[in-house]
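Q: Below is one structure. I have some questions about it.
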Amino acid sequence: MQTLSVVVITYNEERKLRRCLDPVSWADDIVVVDSFSTDGTVKIAKTYTDRVFQRPWSGFAGQRNFGMEQASGEWILFLDADEYVSGGLGERIRELLREGGGFDAYKIHRMEHFLGFPIRHGTLNPSYQPRLLKKGKGGWTGGAHAHIELNGHGELGLMHEDLYHDSHNTLSDFITRIDRYTTVDAEERIHAGQRVGRLRLVLSPLGMAWKCYIVKRGYRDGFPGLLFSLCMGIYSFLRLVKVWQGETATKDGVDRRERPGMTADSD
């Protein structure tokens with residue numbers, strides 16, 4: 001049977017870390033990469049593993065690659081602290097460790113939750129996130145939407161069992177996280193030369209909410225689906241405003257852009 005390491009990146013996740021680590025406590029190795037949390041995150045992490053590392057935030061790819069270098073397992077499962085493995089996914093991973101797999105890395109189906117409700121439709125579903133990698137077969141690259149890049153020309157397999165994503169328990173959680181995510185996302189778009197006109201700034205968020213609720217059938221999730229669709233429109237609006245603000249700052253020579261803060265959350 002092959003061995004498994006779990007790499008978790010954290011920053012001030014004391015409320016959620018136990019729920020993340022409990023379902024994978026059977027792993028051969030747990031590595032926590034923390035960005036100098038100011039709450040009880042590190043203390044909690046040390047009740048599960050003595051392999052807790054603190055380092056400045058270097059982006060999703062940077063933190064995960066560092067964790068991968070510390071991991072001893074033949075396979076590595078990458079988690080954010082607000083993600084937790086379902087029973088079905090845990091068994092599927094054990095099966096792979098026993099019998100091997102046909103791929104060097106896997107994308108796993110992630111089930112989003114919003115205000116405590118599962119979101120099965122909308123723009124984020126189906127969502128398959130790269131999370132499982134055979135050590136030595138690739139690494140992480142990219143910014144806000146980091147992904148696994150395999151050595152050579154390999155393909156990622158799919159695991160359809162659920163990885164639960166429980167990042168938006170309250171509206172305050174959502175607002176805090178989208179502020180950080182839209183800042184990082186906007187920075188990438190600005191550096192890529194993206195421009196945002198005023199008409200797009202107004203219409204695109206409406207289009208995003210419509211797409212999430214109607215086109216992607218968010219209405220099937222009931223009232224939480226409506227709220228989630230509206231919040232996705234807000235996400236689009238904030239991201240575009242920050243790109244527009246960055247473009248304006250570039251034109252007049254004043255850098256008004258908010259710098260991205262530390263975060264330990266996935267896409």
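Chain labels A, B, ... are given in the sequence in which chains occur in the structure tokens; within each chain residues are numbered consecutively from 1, and ligands are likewise numbered from 1 in the order shown.
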Just the residues within 9 Å of region 221-226 of chain A, please, counting only C-alpha atoms, with nothing from its chain fewer than 2 positions along; format it as a ChimeraX atom specification.
A: /A:114-115,117-122,209,212-213,217-219,228-231
Q: Can those selected residues be exported to a file as an mmCIF file, in the first residue's frame so that it contains C-alpha atoms?
A:
```
data_model
loop_
_atom_site.group_PDB
_atom_site.id
_atom_site.type_symbol
_atom_site.label_atom_id
_atom_site.label_comp_id
_atom_site.auth_asym_id
_atom_site.auth_seq_id
_atom_site.Cartn_x
_atom_site.Cartn_y
_atom_site.Cartn_z
ATOM 1 C CA PHE A 114 -22.963 28.830 1.379
ATOM 2 C CA LEU A 115 -24.374 29.976 4.744
ATOM 3 C CA PHE A 117 -26.357 25.115 2.715
ATOM 4 C CA PRO A 118 -24.927 22.881 -0.037
ATOM 5 C CA ILE A 119 -24.849 24.612 -3.421
ATOM 6 C CA ARG A 120 -25.265 21.969 -6.124
ATOM 7 C CA HIS A 121 -25.833 24.276 -9.079
ATOM 8 C CA GLY A 122 -24.733 27.717 -10.237
ATOM 9 C CA ALA A 209 -25.924 36.808 -11.332
ATOM 10 C CA CYS A 212 -25.500 31.699 -11.977
ATOM 11 C CA TYR A 213 -29.217 31.704 -11.147
ATOM 12 C CA ARG A 217 -29.891 26.585 -12.678
ATOM 13 C CA GLY A 218 -29.015 28.092 -9.334
ATOM 14 C CA TYR A 219 -32.767 28.375 -8.712
ATOM 15 C CA PHE A 228 -25.505 32.841 -3.714
ATOM 16 C CA SER A 229 -26.203 34.036 -7.278
ATOM 17 C CA LEU A 230 -26.545 37.634 -6.096
ATOM 18 C CA CYS A 231 -23.301 37.337 -4.149
#
```
Q: So which residues touch region 57-69 of chain A within 6 Å, counting only C-alpha atoms, skipping near sequence neighbours fewer than 5 positions away, as a list in words?
A: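 Close residues of region 57-69 of chain A: Val7, Ser35, Trp140, Thr141, Ala146 and Met262 of chain A.
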Q: Could you write those residues out with all heavy atoms, as a PDB file, in the first residue's frame?
A:
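What ended up in again_5.pdb:
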```
ATOM      1  N   VAL A   7      -1.187  17.922   2.883  1.00  0.00           N
ATOM      2  CA  VAL A   7      -0.613  19.256   3.048  1.00  0.00           C
ATOM      3  C   VAL A   7      -1.761  20.261   3.176  1.00  0.00           C
ATOM      4  O   VAL A   7      -2.628  20.347   2.296  1.00  0.00           O
ATOM      5  CB  VAL A   7       0.286  19.629   1.853  1.00  0.00           C
ATOM      6  CG1 VAL A   7       0.690  21.104   1.923  1.00  0.00           C
ATOM      7  CG2 VAL A   7       1.527  18.746   1.827  1.00  0.00           C
ATOM      8  N   SER A  35       0.756  30.741   7.631  1.00  0.00           N
ATOM      9  CA  SER A  35       1.268  32.080   7.309  1.00  0.00           C
ATOM     10  C   SER A  35       1.211  32.993   8.524  1.00  0.00           C
ATOM     11  O   SER A  35       0.638  34.080   8.477  1.00  0.00           O
ATOM     12  CB  SER A  35       0.475  32.677   6.145  1.00  0.00           C
ATOM     13  OG  SER A  35       0.539  31.856   5.003  1.00  0.00           O
ATOM     14  N   TRP A 140       2.929  22.930  -8.376  1.00  0.00           N
ATOM     15  CA  TRP A 140       1.895  23.964  -8.471  1.00  0.00           C
ATOM     16  C   TRP A 140       2.421  25.202  -9.173  1.00  0.00           C
ATOM     17  O   TRP A 140       3.576  25.592  -9.003  1.00  0.00           O
ATOM     18  CB  TRP A 140       1.418  24.333  -7.072  1.00  0.00           C
ATOM     19  CG  TRP A 140       0.559  23.291  -6.458  1.00  0.00           C
ATOM     20  CD1 TRP A 140       0.975  22.195  -5.742  1.00  0.00           C
ATOM     21  CD2 TRP A 140      -0.860  23.211  -6.503  1.00  0.00           C
ATOM     22  NE1 TRP A 140      -0.096  21.441  -5.344  1.00  0.00           N
ATOM     23  CE2 TRP A 140      -1.245  22.047  -5.795  1.00  0.00           C
ATOM     24  CE3 TRP A 140      -1.853  24.009  -7.067  1.00  0.00           C
ATOM     25  CZ2 TRP A 140      -2.575  21.677  -5.639  1.00  0.00           C
ATOM     26  CZ3 TRP A 140      -3.187  23.648  -6.917  1.00  0.00           C
ATOM     27  CH2 TRP A 140      -3.532  22.491  -6.214  1.00  0.00           C
ATOM     28  N   THR A 141       1.553  25.842  -9.946  1.00  0.00           N
ATOM     29  CA  THR A 141       1.894  27.080 -10.624  1.00  0.00           C
ATOM     30  C   THR A 141       0.656  27.969 -10.678  1.00  0.00           C
ATOM     31  O   THR A 141      -0.462  27.500 -10.482  1.00  0.00           O
ATOM     32  CB  THR A 141       2.433  26.806 -12.043  1.00  0.00           C
ATOM     33  OG1 THR A 141       2.898  28.029 -12.623  1.00  0.00           O
ATOM     34  CG2 THR A 141       1.345  26.212 -12.931  1.00  0.00           C
ATOM     35  N   ALA A 146      -4.437  28.825  -8.761  1.00  0.00           N
ATOM     36  CA  ALA A 146      -3.285  27.937  -8.902  1.00  0.00           C
ATOM     37  C   ALA A 146      -3.731  26.564  -9.388  1.00  0.00           C
ATOM     38  O   ALA A 146      -4.828  26.102  -9.079  1.00  0.00           O
ATOM     39  CB  ALA A 146      -2.548  27.814  -7.570  1.00  0.00           C
ATOM     40  N   MET A 262      -2.537  38.397   3.048  1.00  0.00           N
ATOM     41  CA  MET A 262      -2.308  36.965   3.176  1.00  0.00           C
ATOM     42  C   MET A 262      -3.642  36.254   3.260  1.00  0.00           C
ATOM     43  O   MET A 262      -4.582  36.729   3.876  1.00  0.00           O
ATOM     44  CB  MET A 262      -1.493  36.663   4.428  1.00  0.00           C
ATOM     45  CG  MET A 262      -0.069  37.119   4.353  1.00  0.00           C
ATOM     46  SD  MET A 262       0.893  36.420   5.695  1.00  0.00           S
ATOM     47  CE  MET A 262      -0.017  36.993   7.112  1.00  0.00           C
TER      48      MET A 262
END
```
Q: Could you list, with a cut-off of 12 Å and counting only C-alpha atoms, the residues of region 7-41 of chain A near region 92-100 of chain A, each shown with its nearest atom pair and the distance in Å rounded to one decimal, rows sorted by chain and ascending number, as a tab-separated table?
A:
```
residue	atom	partner	partner_atom	distance
A:Pro23	CA	A:Ile93	CA	12.0
A:Val24	CA	A:Ile93	CA	10.4
A:Trp26	CA	A:Arg94	CA	10.0
A:Ala27	CA	A:Arg94	CA	9.5
A:Asp28	CA	A:Leu97	CA	11.4
```
Q: With N, CA and C atoms kept, could you save the residues just selected as a PDB file, in the first residue's frame?
A:
```pdb
ATOM      1  N   PRO A  23     -10.987  14.122   9.373  1.00  0.00           N
ATOM      2  CA  PRO A  23     -11.248  13.052   8.402  1.00  0.00           C
ATOM      3  C   PRO A  23      -9.994  12.493   7.734  1.00  0.00           C
ATOM      4  N   VAL A  24      -8.848  13.175   7.874  1.00  0.00           N
ATOM      5  CA  VAL A  24      -7.618  12.677   7.239  1.00  0.00           C
ATOM      6  C   VAL A  24      -6.558  12.334   8.277  1.00  0.00           C
ATOM      7  N   TRP A  26      -5.945   9.661   9.524  1.00  0.00           N
ATOM      8  CA  TRP A  26      -5.384   8.346   9.233  1.00  0.00           C
ATOM      9  C   TRP A  26      -4.189   8.405   8.283  1.00  0.00           C
ATOM     10  N   ALA A  27      -3.934   9.561   7.668  1.00  0.00           N
ATOM     11  CA  ALA A  27      -2.851   9.684   6.695  1.00  0.00           C
ATOM     12  C   ALA A  27      -1.495   9.394   7.348  1.00  0.00           C
ATOM     13  N   ASP A  28      -0.529   8.973   6.538  1.00  0.00           N
ATOM     14  CA  ASP A  28       0.797   8.652   7.047  1.00  0.00           C
ATOM     15  C   ASP A  28       1.558   9.892   7.508  1.00  0.00           C
TER      16      ASP A  28
END
```
Q: Counting only C-alpha atoms, figure out which residue out of A:Ala186, A:Val31, A:Leu124, A:Ala105 gets nearest to Gly154 (chain A).
A: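 Nearest candidate to Gly154 (chain A) out of A:Ala186, A:Val31, A:Leu124, A:Ala105: A:Ala105.
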Q: Which one is closest to Gly138 (chain A): A:Tyr164, A:Phe174, A:Phe53, A:Trp75? Count only C-alpha atoms.
A: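 That would be A:Trp75, the residue with the smallest distance to Gly138 (chain A).
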Q: Could you tell me how far CA of Arg55 (chain A) sits from CA of Tyr11 (chain A), in Å to one decimal place?
A: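 CA of Tyr11 (chain A) sits 10.7 Å away from CA of Arg55 (chain A).
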Q: Can you work out which one of A:Cys20, A:Leu4, A:Ile234, A:Val196 has the shortest atom-to-atom distance to Leu77 (chain A), counting only C-alpha atoms?
A: A:Leu4
Q: Write down as a PyMOL selection string the residues of region 15-213 of chain A whose backbone DSSP state falls under helix (DSSP H, G or I).
A: chain A and resi 17-24+41-45+59-70+87-99+171-191+198-213
Q: Give me, as number ranges by chain, all polymer residues having an atom no more than 6 Å from Val32 (chain A), counting only C-alpha atoms and skipping those fewer than 5 positions away in the same chain.
A: A: 7-9, 52
Q: Would you mind exporting C-alpha atoms of the selected residues as a short mmCIF file (atom, residue, chain, number, x, y, z; two decimals), in the first residue's frame?
A:
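Printed below is out-v2.cif as written:
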```cif
data_model
loop_
_atom_site.label_atom_id
_atom_site.label_comp_id
_atom_site.auth_asym_id
_atom_site.auth_seq_id
_atom_site.Cartn_x
_atom_site.Cartn_y
_atom_site.Cartn_z
CA VAL A 7 -0.61 19.26 3.05
CA VAL A 8 -2.83 21.98 4.54
CA ILE A 9 -2.22 25.72 4.16
CA VAL A 52 3.92 22.54 11.35
#
```
Q: Name all residues at most 10 Å from Gly193 (chain A) (count only C-alpha atoms; drop same-chain ones fewer than 3 positions away) and give them as a list in words.
A: Glu187, Glu188, Arg189, Ile190, Val243 and Glu247 of chain A
Q: Smallest atom-to-atom distance to Glu83 (chain A): which of A:Arg131, A:Arg195, A:Lys137, A:His153, using only C-alpha atoms?
A: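 Of all the options, A:Arg131 lies closest to Glu83 (chain A).
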Q: Looking only at strand (DSSP E) from DSSP on the backbone, list the matching residues of region 57-193 of chain A as an MDAnalysis selection string.
A: chainID A and resid 75:80 83:85 105:114 117:119 128:134 138:141 147:150 157:168
Q: CA of Asn169 (chain A) to CA of Leu132 (chain A): how many Å, to one decimal?
A: 25.5 Å
Q: Hey, can you check how far CA of Asp104 (chain A) sits from CA of Gln70 (chain A)?
A: 18.9 Å
Q: Between A:Leu21, A:Ser236, A:Ala192, A:Lys107, which is the closest to Lys211 (chain A) once you count only C-alpha atoms?
A: A:Ser236
Q: For Arg177 (chain A), list every protein, DNA or RNA residue within 9 Å, evaluated using only C-alpha atoms, and leave out those in the same chain fewer than 3 positions away; present the list as a list of chain:residue names.
A: A:Ser167, A:His168, A:Ser172, A:Asp173, A:Phe174, A:Arg180, A:Tyr181, A:Thr182, A:Thr263, A:Asp265
Q: Please provide as number ranges by chain all residues within 12 Å of Thr47 (chain A), with the sequence filter that same-chain residues fewer than 3 positions apart are discarded (counting only C-alpha atoms).
A: A: 17-18, 21-22, 25, 30, 32, 40-44, 50-52
Q: Go ahead and save the residues from that selection, with N, CA and C atoms, as a PDB file, in the first residue's frame.
A:
```pdb
ATOM      1  N   LEU A  17     -10.162  24.249  11.448  1.00  0.00           N
ATOM      2  CA  LEU A  17      -9.043  23.340  11.207  1.00  0.00           C
ATOM      3  C   LEU A  17      -9.321  21.921  11.686  1.00  0.00           C
ATOM      4  N   ARG A  18      -9.952  21.767  12.839  1.00  0.00           N
ATOM      5  CA  ARG A  18     -10.232  20.402  13.328  1.00  0.00           C
ATOM      6  C   ARG A  18     -11.138  19.650  12.360  1.00  0.00           C
ATOM      7  N   LEU A  21      -8.931  18.440   9.552  1.00  0.00           N
ATOM      8  CA  LEU A  21      -7.917  17.425   9.832  1.00  0.00           C
ATOM      9  C   LEU A  21      -8.484  16.108  10.359  1.00  0.00           C
ATOM     10  N   ASP A  22      -9.610  16.146  11.037  1.00  0.00           N
ATOM     11  CA  ASP A  22     -10.186  14.908  11.595  1.00  0.00           C
ATOM     12  C   ASP A  22     -10.387  13.811  10.540  1.00  0.00           C
ATOM     13  N   SER A  25      -6.985  12.166   9.536  1.00  0.00           N
ATOM     14  CA  SER A  25      -6.017  11.865  10.596  1.00  0.00           C
ATOM     15  C   SER A  25      -5.361  10.497  10.395  1.00  0.00           C
ATOM     16  N   ILE A  30       1.047  14.389   7.969  1.00  0.00           N
ATOM     17  CA  ILE A  30       0.295  15.635   7.828  1.00  0.00           C
ATOM     18  C   ILE A  30       1.267  16.803   7.949  1.00  0.00           C
ATOM     19  N   VAL A  32       1.406  20.990   7.859  1.00  0.00           N
ATOM     20  CA  VAL A  32       0.652  22.239   7.910  1.00  0.00           C
ATOM     21  C   VAL A  32       1.602  23.393   7.611  1.00  0.00           C
ATOM     22  N   GLY A  40      -5.506  30.603  17.366  1.00  0.00           N
ATOM     23  CA  GLY A  40      -5.055  29.316  17.884  1.00  0.00           C
ATOM     24  C   GLY A  40      -4.783  28.262  16.824  1.00  0.00           C
ATOM     25  N   THR A  41      -4.635  28.670  15.568  1.00  0.00           N
ATOM     26  CA  THR A  41      -4.456  27.711  14.475  1.00  0.00           C
ATOM     27  C   THR A  41      -3.262  26.793  14.705  1.00  0.00           C
ATOM     28  N   VAL A  42      -2.122  27.345  15.017  1.00  0.00           N
ATOM     29  CA  VAL A  42      -0.901  26.549  15.159  1.00  0.00           C
ATOM     30  C   VAL A  42      -1.024  25.577  16.335  1.00  0.00           C
ATOM     31  N   LYS A  43      -1.591  26.037  17.439  1.00  0.00           N
ATOM     32  CA  LYS A  43      -1.761  25.164  18.613  1.00  0.00           C
ATOM     33  C   LYS A  43      -2.639  23.965  18.265  1.00  0.00           C
ATOM     34  N   ILE A  44      -3.715  24.205  17.531  1.00  0.00           N
ATOM     35  CA  ILE A  44      -4.595  23.110  17.115  1.00  0.00           C
ATOM     36  C   ILE A  44      -3.866  22.176  16.158  1.00  0.00           C
ATOM     37  N   ASP A  50       3.437  17.093  14.350  1.00  0.00           N
ATOM     38  CA  ASP A  50       4.547  17.942  14.774  1.00  0.00           C
ATOM     39  C   ASP A  50       5.213  18.600  13.569  1.00  0.00           C
ATOM     40  N   ARG A  51       4.610  18.417  12.396  1.00  0.00           N
ATOM     41  CA  ARG A  51       5.188  18.967  11.170  1.00  0.00           C
ATOM     42  C   ARG A  51       4.411  20.218  10.762  1.00  0.00           C
ATOM     43  N   VAL A  52       4.581  21.256  11.579  1.00  0.00           N
ATOM     44  CA  VAL A  52       3.922  22.541  11.349  1.00  0.00           C
ATOM     45  C   VAL A  52       4.995  23.568  11.015  1.00  0.00           C
TER      46      VAL A  52
END
```
Q: Smallest atom-to-atom distance to Asp166 (chain A): which of A:Val33, A:Ala81, A:Met1, A:Met232, using only C-alpha atoms?
A: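 Looking only at the distances to Asp166 (chain A), the closest residue turns out to be A:Ala81.
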